[in-house]
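Quick notes on the structure that follows.
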Amino acid sequence: MSNEVEKEKMRKLISIIVCGFLVIVFGMGAMAMPPKKHKKPDEGNKEVKHASSVSQLIEAKKAEITGNMEKAEELFRDYISKYPEDPPAYFELARICIDQKKTDDALVMAQKAADLDPENTWYQLYLAEVQQMKGHIKESIGIYEKLAGKYPNEMDYFYQLGALYIMSEKYKDAIHIYDKIEEKAGISEDISIQKEKIYLSLNDISGAQKELENLVAAYPENPKFLSILAEFYLSNKMQDKALAAYKKISDIDPGNPYIHMSMADYYRKAGLKDKAFEELKLGFANPALDIDTKVNILLSFYSSNQLFDEKKDEAYALVKLLVDVHPNDPKSHSIFGDLLFQDKKYAESRDEFLHVITLDSSKYVIWEEVMRLDLQLEKYDHLSEFGKKAIELYPEQPLVFFFTGIADLQLKHYDDAARLFVSGSKLVVNNDELLSQFYMYLGDTYHALEKPVESDKYYQKSLDAKSDNSYVLNNYAYYLSVRNTELTKAEAMAKKAVALDTANSSFEDTYGWVLYRLGKFEEARTWIGKALKDKDGASAEVLEHYGDVMFRLGDPAQALEYWLKAKEKGKGSGFLERKIGEKKLVE
């Protein structure tokens, strides 16, 4: 099809649209209104004059439809200059001004259109809309008051007027309007609830109560409205009336899954804890009550301090009901797992989370929870296998690489651990803490692989990411001291580690051993002596170190005593047996 044909089709389409527009514009006065009186002769002459200018209106509307708003505005303004008493152009120009966010001009044009044709409902409504945009609520109210008076059967005007009264805080006027709506349309939920809110804002409790009671009287078999009324009674300390309303709901709709939750809330507020719990159990045992409601109740009804005090047994009873009634819903097992975890029953918690995954494997957070519990329970074989499945499902999550890498490190699968830590570290974004942890474990892994250059590199990268990682500072310093290299750097790191973690005997021993390597034997004795006071008892390594220090300080008898203690405690260094046998320091 040629471009000319396409253009011709477009011109025809625009003409059709514009003609439709003109029918609407010139017919607006007759829409949604009773028949008009006959116009005066001079008004008829004015219409003929307007009709002769239709072509300019068509051109202006064409420009608007095709998106050329500047041209449209220019043509409409030119039309107004020629025919200042013709309202449609003002109306159209007001709409264009709104699109261009020229609200001041829009208000002027909309006002002019409404003034020129006060019988045109559409002009009045648009003027009211623009006035609201400008914050002229009082003027907008005036328009709707006139429209409501003129067209008493048009409920939309009354609804809008009520909303405007509320907006301008004319609450009594709003109630009066809503009363009129009810007279014509009958009592409805929306109006009754709106009136209740207004009465409450006026602190008129009896007025609000009356509105809800009228709603219930109009629909006596509707349990929803009874429930709203019962909640109102409960909130305003009318316990007897609230209980009566709840019992009526139970009579009307005995299978209502939510009534037991409401009754539980009633009894709880009344201080009747046992009855509240019995109602909760009835609700949780009802399969018609959705699981999300039950879960939300469990999360909100028990605060953390209550959960491990008098409410823990109740929480377990409700969660077990939840699992019994919804055995195939992963949410029930998930919240059970959470409860067990809070109660430090980690093995049972892990079993529940594993069951969640059998029901729904799409929740990453559950996979992560299982891995954390595997790590805490030292189930490294399972963690290694489980983590590799998690990596297949969630290859963009750095923590699955992190946990799986730790498992392989513990299982002495050092090459696998190194690959996992390197891959996972590349996924970390804006998290220096986690990045430091990845590099720390890479340092540990390469140390285990006896690759000191790589180990030192990653320890340093860990410190670059987080300079106060005391574990890295300690390990890095110790491994340097073992190799008897960069001892000044090792001393600074070990000193910082004990300053960051003042109660760690392992860090104290490291600092003392670095000082020993530097020949600072008295200081070494002080710090390794602190490590000897560990509440769980000193390790064989610490005891042997202290013996070495004492030998350097010229006390071979005490040195031998501590070497023998080290041997009794456990495995020492490869030189320990020779030190004891030869009764001298061997390095």
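Simple scheme: letters A, B, ... for chains in structure tokens order, numbers from 1 for residues in each chain, numbers from 1 for ligands in the order shown.
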
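The shell of residues at most 8 Å from Tyr346 in chain A, with only C-alpha atoms counted and near chain neighbours (fewer than 3 positions) removed, consists of Leu340, Phe341, Ser349, Arg350, Leu373 and Leu377 of chain A.
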
How many Å separate CA of Val498 in chain A from CA of Trp527 in chain A? 9.8 Å

At a cut-off of 9 Å, using only C-alpha atoms, what residues contact Ala288 in chain A? Leave out same-chain residues fewer than 5 positions from it and give the result as a VMD selection string. chain A and resid 255 to 258 283

Selected residues written out with C-alpha atoms, as a PDB file, in the first residue's frame:
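File written: selection05.pdb
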ATOM      1  CA  GLY A 255     -18.207 -23.010  60.332  1.00  0.00           C
ATOM      2  CA  ASN A 256     -16.777 -19.506  60.121  1.00  0.00           C
ATOM      3  CA  PRO A 257     -12.993 -20.072  60.280  1.00  0.00           C
ATOM      4  CA  TYR A 258     -12.256 -16.589  61.626  1.00  0.00           C
ATOM      5  CA  GLY A 283      -9.097 -21.953  64.878  1.00  0.00           C
TER       6      GLY A 283
END

Name the residues in contact with Tyr159 in chain A at a cut-off of 12 Å, using only C-alpha atoms, excluding same-chain residues fewer than 5 positions from it; report them as a list of chain:residue names.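 Returned residues: A:Ile141, A:Tyr144, A:Glu145, A:Leu147, A:Ala148, A:Pro152, A:Asn153, A:Glu154, A:Leu164, A:Tyr165, A:Ile166, A:Ala174, A:Ile175, A:His176, A:Ile177, A:Tyr178, A:Asp179, A:Lys180, A:Ile181, A:Glu182, A:Ala185, A:Asp190, A:Ile191, A:Gln194.
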
Dump N, CA and C atoms for the selected residues as a PDB file, in the first residue's frame?
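Wrote it out as result.pdb, contents follow:
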ATOM      1  N   ILE A 141     -16.722  22.715  46.167  1.00  0.00           N
ATOM      2  CA  ILE A 141     -17.903  22.319  46.938  1.00  0.00           C
ATOM      3  C   ILE A 141     -19.133  23.075  46.442  1.00  0.00           C
ATOM      4  N   TYR A 144     -20.573  21.446  43.340  1.00  0.00           N
ATOM      5  CA  TYR A 144     -21.250  20.175  43.596  1.00  0.00           C
ATOM      6  C   TYR A 144     -22.542  20.378  44.393  1.00  0.00           C
ATOM      7  N   GLU A 145     -22.572  21.380  45.252  1.00  0.00           N
ATOM      8  CA  GLU A 145     -23.824  21.670  45.967  1.00  0.00           C
ATOM      9  C   GLU A 145     -24.922  22.060  44.992  1.00  0.00           C
ATOM     10  N   LEU A 147     -25.032  21.262  41.745  1.00  0.00           N
ATOM     11  CA  LEU A 147     -25.369  20.101  40.918  1.00  0.00           C
ATOM     12  C   LEU A 147     -26.228  19.103  41.685  1.00  0.00           C
ATOM     13  N   ALA A 148     -25.897  18.894  42.940  1.00  0.00           N
ATOM     14  CA  ALA A 148     -26.670  17.950  43.760  1.00  0.00           C
ATOM     15  C   ALA A 148     -28.091  18.461  43.961  1.00  0.00           C
ATOM     16  N   PRO A 152     -31.095  15.724  41.929  1.00  0.00           N
ATOM     17  CA  PRO A 152     -31.118  14.973  43.197  1.00  0.00           C
ATOM     18  C   PRO A 152     -31.013  13.462  43.042  1.00  0.00           C
ATOM     19  N   ASN A 153     -31.152  12.965  41.829  1.00  0.00           N
ATOM     20  CA  ASN A 153     -31.054  11.516  41.626  1.00  0.00           C
ATOM     21  C   ASN A 153     -29.681  11.065  41.134  1.00  0.00           C
ATOM     22  N   GLU A 154     -28.798  12.025  40.935  1.00  0.00           N
ATOM     23  CA  GLU A 154     -27.432  11.694  40.503  1.00  0.00           C
ATOM     24  C   GLU A 154     -26.549  11.484  41.744  1.00  0.00           C
ATOM     25  N   LEU A 164     -15.592  15.848  49.518  1.00  0.00           N
ATOM     26  CA  LEU A 164     -15.053  17.205  49.615  1.00  0.00           C
ATOM     27  C   LEU A 164     -15.309  17.805  50.995  1.00  0.00           C
ATOM     28  N   TYR A 165     -16.455  17.510  51.557  1.00  0.00           N
ATOM     29  CA  TYR A 165     -16.733  17.988  52.917  1.00  0.00           C
ATOM     30  C   TYR A 165     -15.716  17.413  53.910  1.00  0.00           C
ATOM     31  N   ILE A 166     -15.418  16.126  53.760  1.00  0.00           N
ATOM     32  CA  ILE A 166     -14.428  15.504  54.650  1.00  0.00           C
ATOM     33  C   ILE A 166     -13.058  16.143  54.443  1.00  0.00           C
ATOM     34  N   ALA A 174     -20.780  16.482  55.908  1.00  0.00           N
ATOM     35  CA  ALA A 174     -20.557  15.191  55.245  1.00  0.00           C
ATOM     36  C   ALA A 174     -21.577  14.162  55.722  1.00  0.00           C
ATOM     37  N   ILE A 175     -21.805  14.120  57.036  1.00  0.00           N
ATOM     38  CA  ILE A 175     -22.791  13.178  57.569  1.00  0.00           C
ATOM     39  C   ILE A 175     -24.166  13.466  57.001  1.00  0.00           C
ATOM     40  N   HIS A 176     -24.514  14.749  56.898  1.00  0.00           N
ATOM     41  CA  HIS A 176     -25.821  15.133  56.336  1.00  0.00           C
ATOM     42  C   HIS A 176     -25.967  14.621  54.904  1.00  0.00           C
ATOM     43  N   ILE A 177     -24.899  14.750  54.111  1.00  0.00           N
ATOM     44  CA  ILE A 177     -24.935  14.270  52.721  1.00  0.00           C
ATOM     45  C   ILE A 177     -25.068  12.758  52.676  1.00  0.00           C
ATOM     46  N   TYR A 178     -24.288  12.066  53.547  1.00  0.00           N
ATOM     47  CA  TYR A 178     -24.371  10.606  53.561  1.00  0.00           C
ATOM     48  C   TYR A 178     -25.752  10.128  54.023  1.00  0.00           C
ATOM     49  N   ASP A 179     -26.375  10.885  54.904  1.00  0.00           N
ATOM     50  CA  ASP A 179     -27.755  10.551  55.301  1.00  0.00           C
ATOM     51  C   ASP A 179     -28.688  10.631  54.095  1.00  0.00           C
ATOM     52  N   LYS A 180     -28.488  11.636  53.275  1.00  0.00           N
ATOM     53  CA  LYS A 180     -29.324  11.778  52.069  1.00  0.00           C
ATOM     54  C   LYS A 180     -29.103  10.618  51.103  1.00  0.00           C
ATOM     55  N   ILE A 181     -27.835  10.192  50.971  1.00  0.00           N
ATOM     56  CA  ILE A 181     -27.542   9.045  50.102  1.00  0.00           C
ATOM     57  C   ILE A 181     -28.268   7.810  50.609  1.00  0.00           C
ATOM     58  N   GLU A 182     -28.243   7.620  51.921  1.00  0.00           N
ATOM     59  CA  GLU A 182     -28.922   6.455  52.499  1.00  0.00           C
ATOM     60  C   GLU A 182     -30.432   6.533  52.315  1.00  0.00           C
ATOM     61  N   ALA A 185     -30.606   5.499  48.506  1.00  0.00           N
ATOM     62  CA  ALA A 185     -30.023   4.224  48.058  1.00  0.00           C
ATOM     63  C   ALA A 185     -30.067   3.130  49.114  1.00  0.00           C
ATOM     64  N   ASP A 190     -20.141   0.782  52.682  1.00  0.00           N
ATOM     65  CA  ASP A 190     -19.208   1.891  52.463  1.00  0.00           C
ATOM     66  C   ASP A 190     -19.639   3.149  53.212  1.00  0.00           C
ATOM     67  N   ILE A 191     -20.921   3.499  53.090  1.00  0.00           N
ATOM     68  CA  ILE A 191     -21.393   4.733  53.721  1.00  0.00           C
ATOM     69  C   ILE A 191     -21.405   4.584  55.244  1.00  0.00           C
ATOM     70  N   GLN A 194     -17.907   4.832  56.532  1.00  0.00           N
ATOM     71  CA  GLN A 194     -17.417   6.207  56.402  1.00  0.00           C
ATOM     72  C   GLN A 194     -18.010   7.090  57.497  1.00  0.00           C
TER      73      GLN A 194
END

If we count only C-alpha atoms and set the cut-off at 10 Å, which residues sit around range 65-75 of chain A, ignoring sequence neighbours fewer than 5 positions away in its own chain? Please answer as a PyMOL selection string. chain A and resi 14+17-18+56-60+80-81+89+92-94+96-97+99-100

Atomic separation - CA of Ala538 in chain A relative to CA of Val482 in chain A, Å: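 Taking CA of Val482 in chain A as the start and CA of Ala538 in chain A as the end point, the length is 19.6 Å.
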
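Minimum atom-to-atom distances from A:Lys489, A:Lys294, A:Lys237, A:Lys197 to Val319 in chain A were compared using only C-alpha atoms, and the lowest value belongs to A:Lys294.
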
Can you pull out the residues contacting Val325 in chain A? Cut-off 10 Å, using only C-alpha atoms, and skip same-chain residues under 6 positions away; I want them as a PyMOL selection string. chain A and resi 284-288+291+319+332

Mind checking which residues fall within 8 Å of Tyr476 in chain A, counting only C-alpha atoms, ignoring those fewer than 3 positions away in the same chain, and posting them as a list in words? Asp456, Tyr459, Val472, Leu473, Tyr479, Leu480, Ala490 and Met493 of chain A

For the residues in the current selection, export C-alpha atoms as a PDB file, in the first residue's frame.
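Below is the file result03.pdb, written as the result:
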ATOM      1  CA  ASP A 456      49.908 -14.387  52.518  1.00  0.00           C
ATOM      2  CA  TYR A 459      45.341 -12.758  54.142  1.00  0.00           C
ATOM      3  CA  VAL A 472      43.091 -12.845  60.056  1.00  0.00           C
ATOM      4  CA  LEU A 473      45.448 -10.600  61.984  1.00  0.00           C
ATOM      5  CA  TYR A 479      52.159 -18.148  60.207  1.00  0.00           C
ATOM      6  CA  LEU A 480      54.751 -15.436  59.576  1.00  0.00           C
ATOM      7  CA  ALA A 490      53.688  -9.921  62.462  1.00  0.00           C
ATOM      8  CA  MET A 493      49.217  -7.499  63.529  1.00  0.00           C
TER       9      MET A 493
END

Ranking A:Ala448, A:Met440, A:Ile335, A:Ala113 by minimum distance to Lys466 in chain A and counting only C-alpha atoms, which one comes first?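 Distance minimum relative to Lys466 in chain A lands on A:Met440.
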
Could you check how far CA of Leu435 in chain A sits from CA of Glu508 in chain A, in Å to one decimal?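 Spanning CA of Leu435 in chain A to CA of Glu508 in chain A is a straight-line distance of 26.1 Å.
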
Let me make sure I understand: among A:Ala477, A:Asp204, A:Asp253, A:Ala264, which one has the smallest atom-to-atom distance to Phe277 in chain A if we use only C-alpha atoms?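 Smallest distance to Phe277 in chain A is found for A:Ala264.
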
Output as a PyMOL selection string all residues of range 175-375 of chain A that backbone DSSP marks as helix (DSSP H, G or I). chain A and resi 175-185+189-201+205-218+223-235+239-252+259-269+273-284+291-301+304-307+312-325+330-342+346-359+364-375

Restrict the selected residues to C-alpha atoms and save them as a short mmCIF file (atom, residue, chain, number, x, y, z; two decimals), in the first residue's frame.
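Result saved to part32.cif:
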data_model
loop_
_atom_site.label_atom_id
_atom_site.label_comp_id
_atom_site.auth_asym_id
_atom_site.auth_seq_id
_atom_site.Cartn_x
_atom_site.Cartn_y
_atom_site.Cartn_z
CA ILE A 175 -22.79 13.18 57.57
CA HIS A 176 -25.82 15.13 56.34
CA ILE A 177 -24.93 14.27 52.72
CA TYR A 178 -24.37 10.61 53.56
CA ASP A 179 -27.76 10.55 55.30
CA LYS A 180 -29.32 11.78 52.07
CA ILE A 181 -27.54 9.05 50.10
CA GLU A 182 -28.92 6.45 52.50
CA GLU A 183 -32.42 7.87 52.15
CA LYS A 184 -32.25 7.31 48.40
CA ALA A 185 -30.02 4.22 48.06
CA GLU A 189 -21.29 -0.88 54.05
CA ASP A 190 -19.21 1.89 52.46
CA ILE A 191 -21.39 4.73 53.72
CA SER A 192 -21.90 3.25 57.19
CA ILE A 193 -18.15 2.71 57.68
CA GLN A 194 -17.42 6.21 56.40
CA LYS A 195 -19.92 7.72 58.81
CA GLU A 196 -18.50 5.64 61.66
CA LYS A 197 -15.03 7.04 60.93
CA ILE A 198 -16.40 10.59 60.88
CA TYR A 199 -18.13 10.12 64.23
CA LEU A 200 -14.94 8.69 65.70
CA SER A 201 -12.96 11.69 64.43
CA ILE A 205 -18.61 7.14 70.20
CA SER A 206 -22.38 6.77 70.46
CA GLY A 207 -22.84 8.13 66.94
CA ALA A 208 -20.29 5.67 65.56
CA GLN A 209 -21.92 2.84 67.48
CA LYS A 210 -25.33 3.71 66.10
CA GLU A 211 -24.06 3.64 62.52
CA LEU A 212 -22.61 0.14 62.90
CA GLU A 213 -25.69 -1.10 64.70
CA ASN A 214 -27.86 0.26 61.89
CA LEU A 215 -25.66 -1.59 59.37
CA VAL A 216 -26.08 -4.84 61.28
CA ALA A 217 -29.83 -4.26 61.59
CA ALA A 218 -30.05 -3.79 57.82
CA PRO A 223 -21.32 -12.17 59.84
CA LYS A 224 -18.81 -9.66 58.44
CA PHE A 225 -20.83 -6.68 59.70
CA LEU A 226 -21.38 -8.38 63.05
CA SER A 227 -17.62 -8.91 63.30
CA ILE A 228 -16.98 -5.22 62.59
CA LEU A 229 -19.48 -4.29 65.30
CA ALA A 230 -17.92 -6.76 67.75
CA GLU A 231 -14.46 -5.26 67.15
CA PHE A 232 -15.93 -1.81 67.76
CA TYR A 233 -17.46 -2.96 71.03
CA LEU A 234 -14.19 -4.55 72.07
CA SER A 235 -12.14 -1.45 71.22
CA GLN A 239 -17.02 -6.48 76.45
CA ASP A 240 -20.46 -7.94 77.08
CA LYS A 241 -21.83 -6.61 73.82
CA ALA A 242 -18.71 -7.82 71.97
CA LEU A 243 -19.14 -11.33 73.36
CA ALA A 244 -22.83 -11.35 72.41
CA ALA A 245 -21.95 -10.29 68.86
CA TYR A 246 -19.30 -13.00 68.55
CA LYS A 247 -21.74 -15.64 69.80
CA LYS A 248 -24.31 -14.47 67.28
CA ILE A 249 -21.74 -14.88 64.51
CA SER A 250 -21.07 -18.40 65.74
CA ASP A 251 -24.82 -19.15 65.66
CA ILE A 252 -25.29 -17.69 62.18
CA ILE A 259 -14.67 -16.48 64.56
CA HIS A 260 -12.31 -18.43 66.81
CA MET A 261 -9.54 -15.95 66.10
CA SER A 262 -11.83 -13.08 67.05
CA MET A 263 -12.97 -14.88 70.18
CA ALA A 264 -9.34 -15.56 71.10
CA ASP A 265 -8.58 -11.87 70.75
CA TYR A 266 -11.61 -11.04 72.90
CA TYR A 267 -10.60 -13.40 75.68
CA ARG A 268 -6.97 -12.27 75.53
CA LYS A 269 -7.98 -8.63 75.97
CA LYS A 273 -5.70 -16.52 78.80
CA ASP A 274 -6.86 -20.14 79.00
CA LYS A 275 -10.04 -19.45 77.06
CA ALA A 276 -8.08 -17.41 74.51
CA PHE A 277 -5.75 -20.36 73.94
CA GLU A 278 -8.65 -22.81 73.57
CA GLU A 279 -10.18 -20.60 70.87
CA LEU A 280 -6.83 -20.36 69.11
CA LYS A 281 -6.54 -24.14 69.06
CA LEU A 282 -10.04 -24.45 67.59
CA GLY A 283 -9.10 -21.95 64.88
CA PHE A 284 -5.81 -23.67 64.09
CA ILE A 291 -2.44 -20.87 56.73
CA ASP A 292 -1.28 -17.29 56.19
CA THR A 293 -3.67 -16.07 58.87
CA LYS A 294 -2.40 -18.74 61.25
CA VAL A 295 1.22 -17.92 60.53
CA ASN A 296 0.62 -14.20 61.09
CA ILE A 297 -1.05 -14.96 64.40
CA LEU A 298 1.93 -17.05 65.48
CA LEU A 299 4.32 -14.28 64.50
CA SER A 300 2.36 -11.49 66.20
CA PHE A 301 0.61 -13.12 69.14
CA SER A 304 10.11 -12.91 71.70
CA ASN A 305 10.25 -12.55 75.48
CA GLN A 306 6.94 -14.41 75.87
CA LEU A 307 7.99 -17.20 73.54
CA LYS A 312 6.54 -21.51 74.68
CA ASP A 313 4.42 -24.60 75.30
CA GLU A 314 1.42 -22.91 73.71
CA ALA A 315 3.49 -21.94 70.70
CA TYR A 316 4.60 -25.55 70.22
CA ALA A 317 1.01 -26.80 70.55
CA LEU A 318 -0.22 -24.36 67.89
CA VAL A 319 2.65 -25.03 65.50
CA LYS A 320 2.10 -28.78 65.77
CA LEU A 321 -1.58 -28.23 64.97
CA LEU A 322 -0.47 -26.14 62.01
CA VAL A 323 1.72 -28.98 60.71
CA ASP A 324 -1.00 -31.60 61.33
CA VAL A 325 -3.69 -29.60 59.50
CA PRO A 330 5.96 -25.72 53.25
CA LYS A 331 4.98 -22.72 55.38
CA SER A 332 3.90 -24.94 58.28
CA HIS A 333 7.23 -26.78 58.39
CA SER A 334 9.13 -23.53 57.87
CA ILE A 335 7.59 -21.84 60.90
CA PHE A 336 8.07 -25.04 62.93
CA GLY A 337 11.73 -24.96 61.94
CA ASP A 338 11.95 -21.33 63.05
CA LEU A 339 10.42 -22.15 66.42
CA LEU A 340 12.83 -25.05 66.98
CA PHE A 341 15.76 -22.85 66.02
CA GLN A 342 14.65 -20.18 68.51
CA TYR A 346 19.16 -27.14 65.96
CA ALA A 347 19.05 -30.76 64.76
CA GLU A 348 15.23 -30.85 64.81
CA SER A 349 15.12 -27.42 63.17
CA ARG A 350 17.36 -28.66 60.38
CA ASP A 351 15.06 -31.67 59.79
CA GLU A 352 12.05 -29.37 59.37
CA PHE A 353 13.87 -27.12 56.91
CA LEU A 354 15.00 -30.15 54.92
CA HIS A 355 11.35 -31.23 54.77
CA VAL A 356 10.41 -27.78 53.47
CA ILE A 357 12.83 -28.28 50.58
CA THR A 358 11.21 -31.63 49.69
CA LEU A 359 7.90 -29.78 49.39
CA TYR A 364 16.67 -19.91 48.57
CA VAL A 365 16.46 -18.73 52.17
CA ILE A 366 15.61 -22.29 53.32
CA TRP A 367 18.65 -23.74 51.52
CA GLU A 368 20.81 -21.14 53.25
CA GLU A 369 19.28 -21.98 56.63
CA VAL A 370 20.05 -25.68 56.18
CA MET A 371 23.65 -24.87 55.28
CA ARG A 372 24.04 -22.66 58.35
CA LEU A 373 22.69 -25.45 60.55
CA ASP A 374 24.94 -28.03 58.87
CA LEU A 375 27.89 -25.81 59.67
#
